[in-house]
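Data first, discussion second: the structure below is written as structure tokens.
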Amino acid sequence: MATKLKATGVVVIGLGAAGGVAVLPLTQAGLEVVGLEAGTWLTRRDFAPDEIRNNVRDWPQSVQKAQQEVPTHRVNAKANTTRAGSHPMMNAVGGTTLHYWAQSWRLNPWDFKVVSATTRRYGALRVPKGSTVEDWPFGLDELEAYYDKIEYEMGVSGQAGNVKGTLDTRGNIFEGPRARPYPMPPLRSTGFIDLMAAAARGLGWHPFAGPASINSRTYNGRSACMYHGFCNKGGCHVDAKNGPHLTTIPRAQETGRLKVVTRAHVTSIDTDDQGRVTGVTYVTDGQEFIQPAKAVLLGSYTYENSRLLLLSKSKAFPNGLSNNHGQVGRHYFSHAQGAGVTALFPFNINAWYGLPAQGVAVDNFADDNYDHGALDYIGGGNLWVMSDRRPIAAASMGTFGRTPSWGKEWKQFVMENADRTNTAYIQKTTLPYESNYLDLDPTVKDPLGFPVCRITADYQDNERKIMAHTQDKMTEWYKAAGATATQANPLGTMGPTTHAYGGTRMGKNAETNVVNEWGFSHEVPNLGVLGASVMGTSGARNPTLTVQALAWRTAAYLAKNWKSVTV
Amino acid sequence: MTIPLTPIGGGDVAAAPPIAEAVTQAAPRREAIENLTAAEADLLEAICARIIPTDATGPGAREARAAHFIDRALGGALASSKPAYTAGFAAFDRYCRSSRGKPFLELPARDQDSVLIDVETGAATGFQGGSGAFFGLVRTHTLQGTFGDPFYGGNANFVGWDLIGYPGVRTNVSAEDQRLGAKLTPNHKSAYDTEMFTKAQARLSEPVKPSESSVSSVALESKSVGYGH
């Protein structure tokens, strides 16, 4: 028997990167908010620098709700379905920002207008066949103020490349104009990063320090980064990694209007006969609760956003909430972030410490920053070289075909080369396609008996061509810096990933999008959706800063239009 | 006055014969076995010792106590791999006796390596799911036991970290520490030598393996999902 709780103003489902940000503008505007989070609070004491626990055994996301609902994957509707061993995201107050890499990029101007910009420069036929990509309902100019808000509220370090149209070659000259510089200087460089930057300049490229939601100096009373090398899939032991659990959520709690409920597993978003949201149902320790609310913001992860909508069936929405146009789950894509390049140097590079966000970027081959006139694809990739390595991973390095993978010769190879290797990370444009989508798995269920999300998706020609081009450029860069061997790594699959987009895409057209330009459902006026599930393009960027900027914008819109949204 | 070198541990260690190829390496102490049978533990020790051999360049998996790491983990985080180990050891022993006429422990190092090549390449017969999968399982865990935090029972005396030149867990790294050519003194510290950190275990078992494959999927470990943030 479900317990019906006292009604509130807004329920936010999920207190991660998106929901954890949305609670602040809502409570600051005077609204009462209940934040439902499947995980718990964790503190810096939970973040031991332990490779076995963090990287091998996938702590802490393992003890999580997400682990029980790992999506299944198939490359197309006729292929076999497989299920990965674990979910890449974690549940906690602050969500995956606890252990993410914290690279905090803005999208470039081109990412908002892929269709119109491509058509204008190369002709309409250059938009890849089968792609469902659309222009965003607004441009970077609209989102700039929200990016700025997050960079200062959260704390982002970086080097501006374009302040109000004035370019600064120390930063990314390809970024769109920003109102002011970052609140903190970039994370410091290393000897190896300096070497790579010099090599890029020698090639005529524009290397720069990338942005990170990590303190490069004391910020708002919290410590600067310690560069200890366990940031990758680990939490920060000095709270220098800036998630909502350290910033927006505590500030919202200070207003007295945010109630945080942990270990709350939301099982449905409930509606009335008129098709308006009335609240949510959640389960804690086997007990069911109904939390009525005037508005609901859905901010779980991309897979769970689509899944929860599809599971929330009612008379008004027989195919799932906000799905009367059949758009929930469509326009899914996941970043082509595999296919990096690994290099071997003839000298030690001293990369035992650092973090994935401490590095040097080259944006010359991203987006439409170079002429695609003679090419047969659109988009590109951001090349990223970082200082990040741990001992088990180091010893597990490939041997470039020079020795077997064990025994005496291998041992000598690893002893000599463990500190001579580096792997670059290349974020690449990925587009949505008609054939790539999310739905409910017909057989696999979570422990509560609900079907898990099923991913049907594969990379297409455009992504593979970007891969080939960016790997060539990355190889060129490593060789210019003195690498004696390189290896291009495979692209991988579109199985569960930390960079999953779409399923509840944002756009003005209700026939092709789930939410409008403010992030509210075209079909359910008092339901908003937060997260990368609303994004229609990925750019060549990590998604989190854009997710946070959009979450703030949607929450601010709700606060400002409270009466009309909740009528 | 000369203080006699006493091996860590006791028993018959001082009387043990020198390890082949080793310089002046005292045989490491063997811990009580927690999950394997004695015969399985001996076989695992011998396999680990060929994967990362003890030789003139220094200690290997034997001194790191990689087999101890695996034995202990098979009762906890690696419990789901226990059946694969049990079956794999039995198949390994049968293959060794039938193809070489002797148990693995009685073969000279060169012949042990040739058996392991058969197992690695999938040429060894009698393994459920292929011998290559079993080899991959043991190799992955041998590396974890040699190069992981000593908290888990391997990387004894930090020999694994010293082997690859990892200077150790630090909680604060300076700009100088990240300079090219910086000489860092190994600090020989486990994560849990810093008392602020909780020792909460990751999970009761390693990730559930992909449904399609059995043993071979273990090698995937954390690579089983796409990440990078």
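Ordering of the structure tokens sets the chain letters (A, B, ...), residue numbers begin anew at 1 in every chain, and ligands are numbered from 1 in the order given.
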### Message
So that I can check the secondary structure, give me every residue of range 82-176 of chain B assigned helix (DSSP H, G or I) by backbone DSSP, as a PyMOL selection string.
### Response
chain B and resi 82-100+104-106+109-121+131-147+150-152+156-164+176
### Task
Identify all chain A residues at most 7 Å from chain B by counting only C-alpha atoms; ligands do not count. Present them as a PyMOL selection string.
chain A and resi 45-53+55-60+62-63+82-88+100-101+190-192+226-228+349-353+391-392+406-408+411+414-415+418+495-498+542
Return as a PDB file with C-alpha atoms, in the first residue's frame the full set of residues in range 333-469 of chain A whose backbone-based DSSP assignment is strand (DSSP E).
```pdb
ATOM      1  CA  PHE A 333      23.273   8.637 -30.246  1.00  0.00           C
ATOM      2  CA  SER A 334      26.353   8.109 -28.127  1.00  0.00           C
ATOM      3  CA  VAL A 341      45.609   6.715 -30.489  1.00  0.00           C
ATOM      4  CA  THR A 342      48.324   5.238 -28.245  1.00  0.00           C
ATOM      5  CA  ALA A 343      51.929   6.332 -28.638  1.00  0.00           C
ATOM      6  CA  LEU A 344      55.294   5.051 -27.489  1.00  0.00           C
ATOM      7  CA  LEU A 355      44.257  13.798 -14.168  1.00  0.00           C
ATOM      8  CA  PRO A 356      42.311  13.402 -17.402  1.00  0.00           C
ATOM      9  CA  ALA A 357      41.404  17.102 -17.332  1.00  0.00           C
ATOM     10  CA  GLN A 358      45.062  18.153 -17.148  1.00  0.00           C
ATOM     11  CA  GLY A 359      46.095  18.310 -20.735  1.00  0.00           C
ATOM     12  CA  VAL A 360      46.313  20.072 -24.054  1.00  0.00           C
ATOM     13  CA  ALA A 361      43.653  20.253 -26.760  1.00  0.00           C
ATOM     14  CA  VAL A 362      43.699  20.901 -30.477  1.00  0.00           C
ATOM     15  CA  GLY A 381      37.043  15.668 -33.514  1.00  0.00           C
ATOM     16  CA  ASN A 382      38.793  17.418 -30.654  1.00  0.00           C
ATOM     17  CA  LEU A 383      42.258  15.981 -29.996  1.00  0.00           C
ATOM     18  CA  TRP A 384      43.082  15.713 -26.299  1.00  0.00           C
ATOM     19  CA  VAL A 385      46.366  14.670 -24.677  1.00  0.00           C
ATOM     20  CA  MET A 386      46.411  14.257 -20.914  1.00  0.00           C
ATOM     21  CA  SER A 387      48.516  13.189 -17.967  1.00  0.00           C
ATOM     22  CA  THR A 421      53.350   5.543 -23.355  1.00  0.00           C
ATOM     23  CA  ASN A 422      50.383   7.877 -23.675  1.00  0.00           C
ATOM     24  CA  THR A 423      46.865   7.489 -25.046  1.00  0.00           C
ATOM     25  CA  ALA A 424      45.012  10.412 -26.575  1.00  0.00           C
ATOM     26  CA  TYR A 425      41.299  10.899 -26.261  1.00  0.00           C
ATOM     27  CA  ILE A 426      39.414  12.096 -29.319  1.00  0.00           C
ATOM     28  CA  GLN A 427      35.871  13.384 -28.987  1.00  0.00           C
ATOM     29  CA  LYS A 428      34.094  13.209 -32.312  1.00  0.00           C
ATOM     30  CA  TYR A 437      16.953   4.469 -30.958  1.00  0.00           C
ATOM     31  CA  LEU A 438      16.049   3.432 -27.413  1.00  0.00           C
ATOM     32  CA  ASP A 439      13.061   1.342 -26.341  1.00  0.00           C
ATOM     33  CA  LEU A 440      12.171  -1.189 -23.641  1.00  0.00           C
ATOM     34  CA  ASP A 441      13.841  -4.592 -23.737  1.00  0.00           C
ATOM     35  CA  PRO A 442      11.216  -7.288 -24.362  1.00  0.00           C
ATOM     36  CA  THR A 443      12.794  -9.804 -21.965  1.00  0.00           C
ATOM     37  CA  VAL A 444      15.422  -8.332 -19.610  1.00  0.00           C
ATOM     38  CA  LYS A 445      13.995  -6.838 -16.425  1.00  0.00           C
ATOM     39  CA  PRO A 451      11.979  -3.897 -18.434  1.00  0.00           C
ATOM     40  CA  VAL A 452      15.422  -2.330 -18.856  1.00  0.00           C
ATOM     41  CA  CYS A 453      16.263   0.082 -21.647  1.00  0.00           C
ATOM     42  CA  ARG A 454      17.319  -1.436 -24.980  1.00  0.00           C
ATOM     43  CA  ILE A 455      19.770   0.397 -27.225  1.00  0.00           C
ATOM     44  CA  THR A 456      19.536  -0.233 -30.953  1.00  0.00           C
TER      45      THR A 456
END
```
### Task
Find the residue from A:Leu42, A:Leu309, A:Met467, A:Val277 that sits nearest to Asp239 in chain A; use only C-alpha atoms when measuring.
A:Leu42
### Query
Within 8 Å of range 29-38 of chain A, counting only C-alpha atoms, which residues qualify if same-chain residues fewer than 4 places away don't, as a list of chain:residue names?
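Counting only the stated atoms, we get A:Thr8, A:Gly9, A:Val10, A:Val11, A:Val12, A:Ile13, A:Gly14, A:Leu15, A:Gly19, A:Val23, A:Pro25, A:Gln64, A:Lys65, A:Asn91, A:Ala92, A:Val93, A:Arg257, A:Leu258, A:Lys259, A:Val260, A:Val261, A:Thr262, A:Arg263, A:Ala264, A:His265, A:Val266, A:Ala559.
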Would you export the selected residues with C-alpha atoms as a CSV table (one decimal), in the first residue's frame, please?
```
chain,number,residue,atom,x,y,z
A,8,THR,CA,5.2,19.9,-3.0
A,9,GLY,CA,5.9,22.4,-5.7
A,10,VAL,CA,8.4,20.6,-7.9
A,11,VAL,CA,9.8,17.1,-7.8
A,12,VAL,CA,13.2,16.7,-9.4
A,13,ILE,CA,14.0,13.1,-10.3
A,14,GLY,CA,17.8,12.6,-9.9
A,15,LEU,CA,20.2,14.9,-8.2
A,19,GLY,CA,18.9,17.8,-11.4
A,23,VAL,CA,17.3,22.7,-7.6
A,25,PRO,CA,17.3,28.4,-9.4
A,64,GLN,CA,23.9,1.3,-7.3
A,65,LYS,CA,20.4,1.3,-8.8
A,91,ASN,CA,23.9,7.0,-8.3
A,92,ALA,CA,24.7,9.4,-5.5
A,93,VAL,CA,23.9,13.0,-4.5
A,257,ARG,CA,13.1,24.9,0.5
A,258,LEU,CA,15.0,21.7,-0.8
A,259,LYS,CA,14.2,18.4,0.7
A,260,VAL,CA,16.7,15.7,-0.4
A,261,VAL,CA,15.4,12.2,-0.4
A,262,THR,CA,18.1,9.5,-0.9
A,263,ARG,CA,17.7,5.9,-1.9
A,264,ALA,CA,14.5,6.8,-3.7
A,265,HIS,CA,13.9,4.6,-6.8
A,266,VAL,CA,11.3,6.4,-8.9
A,559,ALA,CA,10.3,29.5,-11.9
```
